[in-house]
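K.L.:
Hey, dropping my_file-v2.csv in here, CSV, C-alpha atoms:
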chain,number,residue,atom,x,y,z
A,1,MET,CA,0.0,0.0,0.0
A,2,PHE,CA,2.8,2.4,0.9
A,3,SER,CA,4.4,1.7,-2.5
A,4,GLY,CA,1.2,2.6,-4.3
A,5,LEU,CA,1.1,5.8,-2.4
A,6,LEU,CA,4.6,6.6,-3.5
A,7,GLN,CA,3.8,5.9,-7.1
A,8,GLN,CA,0.9,8.3,-6.8
A,9,CYS,CA,3.2,10.8,-5.1
A,10,TYR,CA,5.5,11.1,-8.1
A,11,SER,CA,2.6,11.4,-10.4
A,12,VAL,CA,1.4,14.4,-8.3
A,13,VAL,CA,4.9,15.9,-8.3
A,14,ASP,CA,5.0,15.5,-12.1
A,15,THR,CA,1.8,17.4,-12.3
A,16,ILE,CA,2.9,20.2,-10.0
A,17,ILE,CA,6.2,20.7,-11.8
A,18,VAL,CA,4.7,20.7,-15.3
A,19,GLY,CA,1.9,23.0,-14.1
A,20,ARG,CA,4.3,25.4,-12.6
A,21,PHE,CA,7.0,25.6,-15.2
A,22,LEU,CA,5.4,24.7,-18.6
A,23,LYS,CA,2.5,25.8,-20.7
A,24,LEU,CA,-1.1,24.9,-19.8
A,25,GLU,CA,-1.4,22.8,-23.0
A,26,VAL,CA,1.5,20.6,-21.8
A,27,LEU,CA,-0.3,20.0,-18.4
A,28,THR,CA,-3.6,19.3,-20.2
A,29,GLY,CA,-1.8,16.9,-22.5
A,30,MET,CA,-0.3,15.1,-19.6
A,31,GLY,CA,-3.8,14.9,-17.9
A,32,ALA,CA,-5.3,13.5,-21.0
A,33,THR,CA,-3.1,10.4,-20.6
A,34,TRP,CA,-4.2,9.6,-17.1
A,35,ALA,CA,-6.5,6.7,-18.0
A,36,LEU,CA,-3.9,5.1,-20.2
A,37,ASN,CA,-1.2,5.5,-17.6
A,38,TYR,CA,-3.4,4.0,-14.9
A,39,ILE,CA,-4.3,1.0,-17.0
A,40,ILE,CA,-0.7,0.2,-17.7
A,41,ILE,CA,0.5,0.8,-14.2
A,42,ALA,CA,-2.3,-1.4,-12.8
A,43,PHE,CA,-1.4,-4.2,-15.3
A,44,CYS,CA,2.3,-4.0,-14.3
A,45,GLN,CA,1.4,-4.1,-10.6
A,46,GLY,CA,-1.0,-7.0,-11.2
A,47,THR,CA,1.6,-8.9,-13.1
A,48,GLY,CA,4.1,-8.6,-10.2
A,49,MET,CA,1.6,-9.6,-7.6
A,50,GLY,CA,0.3,-12.5,-9.7
A,51,ILE,CA,3.8,-13.9,-10.2
A,52,GLY,CA,4.3,-13.6,-6.4
A,53,ILE,CA,1.3,-15.7,-5.4
A,54,PRO,CA,2.4,-19.2,-6.5
A,55,ILE,CA,5.9,-18.4,-5.2
A,56,ALA,CA,4.5,-17.5,-1.7
A,57,GLN,CA,2.4,-20.7,-1.7
A,58,GLN,CA,5.4,-22.8,-2.5
A,59,PHE,CA,7.6,-20.9,0.0
A,60,GLY,CA,4.9,-21.5,2.7
A,61,ALA,CA,4.7,-25.2,1.8
A,62,GLY,CA,8.5,-25.5,2.0
A,63,ASN,CA,8.6,-26.9,-1.6
A,64,ASP,CA,11.9,-25.5,-2.9
A,65,LYS,CA,11.8,-27.3,-6.2
A,66,LYS,CA,8.5,-25.9,-7.2
A,67,LEU,CA,9.4,-22.5,-5.8
A,68,ARG,CA,12.4,-22.3,-8.1
A,69,CYS,CA,10.3,-23.4,-11.0
A,70,TYR,CA,7.6,-20.8,-10.4
A,71,PHE,CA,10.3,-18.1,-9.8
A,72,TYR,CA,12.1,-18.7,-13.1
A,73,ASN,CA,8.8,-19.2,-15.0
A,74,GLY,CA,7.6,-15.9,-13.5
A,75,LEU,CA,10.7,-14.1,-14.7
A,76,TYR,CA,10.2,-15.5,-18.2
A,77,ILE,CA,6.6,-14.4,-18.2
A,78,ALA,CA,7.5,-11.0,-16.9
A,79,ALA,CA,10.1,-10.5,-19.6
A,80,ILE,CA,7.8,-11.6,-22.4
A,81,LEU,CA,5.0,-9.4,-21.1
A,82,ALA,CA,7.4,-6.5,-20.8
A,83,VAL,CA,8.5,-6.8,-24.4
A,84,VAL,CA,4.9,-7.4,-25.7
A,85,MET,CA,3.4,-4.6,-23.6
A,86,THR,CA,6.1,-2.1,-24.5
A,87,CYS,CA,5.8,-2.8,-28.3
A,88,PHE,CA,2.0,-2.8,-28.2
A,89,SER,CA,1.7,0.4,-26.1
A,90,VAL,CA,4.4,2.4,-27.8
A,91,GLY,CA,3.2,1.2,-31.2
A,92,PHE,CA,-0.4,2.1,-30.6
A,93,CYS,CA,0.1,5.1,-28.3
A,94,ARG,CA,-1.0,7.8,-30.7
A,95,GLN,CA,-4.0,5.7,-31.9
A,96,PHE,CA,-5.1,5.2,-28.2
A,97,LEU,CA,-5.1,9.0,-27.8
A,98,VAL,CA,-7.1,9.4,-31.0
A,99,TRP,CA,-9.7,6.8,-29.9
A,100,MET,CA,-10.0,8.7,-26.6
A,101,ASN,CA,-10.9,11.9,-28.6
A,102,THR,CA,-7.8,13.8,-27.3
A,103,SER,CA,-8.0,17.4,-28.4
A,104,GLN,CA,-5.8,18.2,-31.4
A,105,THR,CA,-4.4,21.2,-29.4
A,106,VAL,CA,-2.8,18.9,-26.8
A,107,ILE,CA,-2.4,15.5,-28.5
A,108,GLU,CA,1.2,16.0,-29.4
A,109,TYR,CA,2.0,16.9,-25.7
A,110,ALA,CA,0.0,13.9,-24.5
A,111,TYR,CA,1.8,11.6,-27.0
A,112,GLN,CA,5.3,12.9,-26.0
A,113,TYR,CA,4.5,12.3,-22.3
A,114,ILE,CA,2.8,8.9,-22.5
A,115,VAL,CA,5.3,7.4,-25.0
A,116,VAL,CA,8.1,7.9,-22.5
A,117,ILE,CA,6.1,6.2,-19.8
A,118,PHE,CA,5.2,3.3,-22.1
A,119,ALA,CA,8.9,3.0,-23.1
A,120,GLY,CA,9.6,2.4,-19.4
A,121,ILE,CA,7.2,-0.5,-19.1
A,122,PRO,CA,10.0,-3.1,-18.8
A,123,PHE,CA,11.4,-1.3,-15.7
A,124,THR,CA,7.9,-1.0,-14.2
A,125,ILE,CA,7.3,-4.7,-14.7
A,126,LEU,CA,10.7,-5.6,-13.4
A,127,PHE,CA,10.2,-3.5,-10.3
A,128,ASN,CA,6.7,-4.9,-9.7
A,129,THR,CA,7.9,-8.5,-10.3
A,130,CYS,CA,10.7,-8.1,-7.8
A,131,PHE,CA,8.3,-6.4,-5.4
A,132,GLY,CA,5.9,-9.4,-5.7
A,133,VAL,CA,8.6,-11.9,-5.2
A,134,LEU,CA,10.0,-10.2,-2.2
A,135,MET,CA,6.5,-9.8,-0.7
A,136,ALA,CA,6.1,-13.6,-1.3
A,137,PHE,CA,9.1,-14.1,1.0
A,138,GLY,CA,7.7,-11.7,3.5
A,139,ASN,CA,9.9,-8.7,2.8
A,140,SER,CA,8.0,-5.5,2.3
A,141,LYS,CA,10.5,-3.0,3.6
A,142,PHE,CA,13.1,-3.3,0.9
A,143,PRO,CA,10.8,-2.8,-2.1
A,144,SER,CA,9.1,0.2,-0.3
A,145,THR,CA,12.5,1.7,0.3
A,146,VAL,CA,13.4,1.2,-3.3
A,147,MET,CA,10.1,2.9,-4.3
A,148,GLY,CA,10.9,5.8,-2.0
A,149,LEU,CA,14.3,6.2,-3.6
A,150,TYR,CA,12.8,5.9,-7.1
A,151,THR,CA,10.3,8.7,-6.2
A,152,ILE,CA,13.1,11.0,-5.1
A,153,PHE,CA,15.0,10.1,-8.3
A,154,ASN,CA,12.0,10.9,-10.4
A,155,VAL,CA,11.6,14.3,-8.8
A,156,ILE,CA,15.2,15.1,-9.5
A,157,LEU,CA,14.8,14.0,-13.1
A,158,ASP,CA,11.6,16.1,-13.4
A,159,PHE,CA,13.5,19.2,-12.2
A,160,LEU,CA,16.5,18.3,-14.5
A,161,PHE,CA,14.6,17.8,-17.7
A,162,ILE,CA,11.7,20.2,-17.2
A,163,ILE,CA,13.4,23.2,-15.6
A,164,ILE,CA,17.1,22.9,-16.5
A,165,PHE,CA,16.9,21.4,-20.0
A,166,VAL,CA,13.4,22.9,-20.6
A,167,TRP,CA,12.0,19.8,-22.1
A,168,GLU,CA,8.5,20.4,-23.4
Could you spell out this file's structure in structure tokens?
P.N.:
Amino acid sequence: MFSGLLQQCYSVVDTIIVGRFLKLEVLTGMGATWALNYIIIAFCQGTGMGIGIPIAQQFGAGNDKKLRCYFYNGLYIAAILAVVMTCFSVGFCRQFLVWMNTSQTVIEYAYQYIVVIFAGIPFTILFNTCFGVLMAFGNSKFPSTVMGLYTIFNVILDFLFIIIFVWE
């Protein structure tokens, strides 16, 4: 739950920084991507948690052989999903925005924002898979700490690219 709060925190920080330092159209374009972003993040989180369930069951049962099997199969599934989801999302990104009736005045800003997020799907799936596996073993502190550091890193990158490099 804490990690989900942190993920929302860096989305809010993105919004604040963009709203403060860039044009209104950029902020509007970013807001137009919210539903797409939410669907992808939820899918990535679900993938990680889903992979962790059979691992937790085998860990609890003390069945090391099946645990290893589920662990490696989960990694293969996560890698395949990361490639497929990234290609699909990036490939159809603009079309998704058109289907959502995104205004022509902001569609380019929306596209520029969401395509970067979609290009990062492999990292999101990797993090959520690792999170799910660590949770399966009963470790929730380390993934939450990593998410906290990731949130801080994201804020620094926001300032760097939006304010210093003036990336619109």
K.L.:
Using atom CA of A:Ile40 and atom CA of A:Lys23 as the two end points, give the distance in Å to one decimal.
P.N.:
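Calculated distance between atom CA of A:Ile40 and atom CA of A:Lys23 is 26.0 Å.
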K.L.:
As an exercise, work out the distance from atom CA of A:Ala56 to atom CA of A:Phe43 in Å and give it to one decimal place.
P.N.:
19.9 Å
K.L.:
May I ask which of the residues A:Leu149, A:Leu126, A:Glu108, A:Thr86 is the closest one to A:Thr28, counting all atoms listed in the file?
P.N.:
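Among A:Leu149, A:Leu126, A:Glu108, A:Thr86, it is A:Glu108 that comes nearest to A:Thr28.
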K.L.:
Which of these residues is nearest to A:Phe71, using only C-alpha atoms: A:Leu134, A:Ala35, A:Ile16, A:Cys44?
P.N.:
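Counting only C-alpha atoms, the residue closest to A:Phe71 is A:Leu134.
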K.L.:
Name all residues at most 12 Å from A:Thr102 (count all atoms listed in the file; drop same-chain ones fewer than 2 positions away) and give them as a ChimeraX atom specification.
P.N.:
/A:25,28-36,93-100,104-111
